[in-house]
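Notes follow the structure.
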Amino acid sequence: MASIPLRSFVKGVCWETVGFVITLFAVYLIYGDFVSSLVFTLILTAIKIFLFFIHERLWKKIRWGKYHVIGGRKVFEKAGKKGKRKETED
């Protein structure tokens with residue numbers, strides 16, 4: 001199962017939209033200045049989206065917990081052994 005880097009980016013943007021609204025509200029409650037709160041929240045959100053993207057791409061390379069369905073059976077990837085699979089049933 002594969003995905004393109006754009007998928008990770010879009011997931012990050014969607015999640016950070018929720019975080020953006022919450023952060024903006026919280027910072028506004030503390031500072032009472034909407035413009036300063038907005039600038040702070042925009043900078044923080046940009047940093048978090050970038051870090052989430054990197055995090056997603058790194059986890060994409062980790063094979064632990066991934067499996068394929070072959071012939072109706074789950075076939076798990078063995079960590080560290082490219083091309084080798086461990087068959088198990090769940």
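Residue numbering restarts at 1 for every chain of the structure tokens, chains are lettered A, B, ... in their displayed order, and ligands are numbered from 1 as they appear.
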Any chance you could tabulate, as a tab-separated table, the residues of segment 3-41 of chain A at most 7 Å from segment 52-58 of chain A with each one's nearest atom pair and distance in Å to one decimal, using only C-alpha atoms, in chain and rising number order?
residue	atom	partner	partner_atom	distance
A:Ser8	CA	A:Phe53	CA	5.9
A:Phe9	CA	A:Phe53	CA	5.7
A:Gly12	CA	A:Phe52	CA	6.2
Take the selection from the previous step and output its residues with N, CA and C atoms, as a PDB file, in the first residue's frame.
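Full text of again-v1.pdb as output:
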ATOM      1  N   SER A   8       0.071  13.081   2.644  1.00  0.00           N
ATOM      2  CA  SER A   8       0.538  13.430   3.985  1.00  0.00           C
ATOM      3  C   SER A   8       0.369  14.920   4.246  1.00  0.00           C
ATOM      4  N   PHE A   9       0.636  15.730   3.235  1.00  0.00           N
ATOM      5  CA  PHE A   9       0.498  17.172   3.382  1.00  0.00           C
ATOM      6  C   PHE A   9      -0.960  17.563   3.612  1.00  0.00           C
ATOM      7  N   GLY A  12      -2.126  16.735   7.055  1.00  0.00           N
ATOM      8  CA  GLY A  12      -1.593  17.706   7.999  1.00  0.00           C
ATOM      9  C   GLY A  12      -2.377  18.999   7.998  1.00  0.00           C
TER      10      GLY A  12
END
#### Entry: Polymer residues at most 8 Å from Gly19 of chain A, only C-alpha atoms, same-chain spacing of 4 or more positions, as an NGL selection string
:A and (15 or 23 or 45)
### Task
Have a look at atom CA of Asp33 of chain A and atom CA of Phe20 of chain A and let me know their distance in Å, one decimal.
16.1 Å
### Message
One decimal, in Å: what's the spacing between atom CA of Val18 of chain A and atom CA of Ser37 of chain A?
### Response
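Atom CA of Ser37 of chain A lies at a distance of 15.7 Å from atom CA of Val18 of chain A.
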### Query
atom CA of Lys11 of chain A and atom CA of Lys60 of chain A, how far apart in Å?
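According to the coordinates, atom CA of Lys60 of chain A and atom CA of Lys11 of chain A are separated by 13.7 Å.
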Give me the residues within 10 Å of Phe40 of chain A as an mmCIF file with C-alpha atoms, in the first residue's frame, counting only C-alpha atoms and dropping any in the same chain fewer than 5 places off.
data_model
loop_
_atom_site.group_PDB
_atom_site.id
_atom_site.type_symbol
_atom_site.label_atom_id
_atom_site.label_comp_id
_atom_site.auth_asym_id
_atom_site.auth_seq_id
_atom_site.Cartn_x
_atom_site.Cartn_y
_atom_site.Cartn_z
ATOM 1 C CA THR A 23 -4.970 27.867 19.257
ATOM 2 C CA LEU A 24 -6.250 31.188 17.920
ATOM 3 C CA VAL A 27 -4.027 32.832 22.446
ATOM 4 C CA TYR A 28 -6.659 35.548 22.010
ATOM 5 C CA PHE A 34 -6.590 39.539 17.689
ATOM 6 C CA VAL A 35 -3.831 40.559 15.236
ATOM 7 C CA THR A 45 0.607 26.306 12.465
#
### Secondary structure check, strand (DSSP E or B) residues of chain A, as a PyMOL selection string
chain A and resi 67-70+73-77+85-87
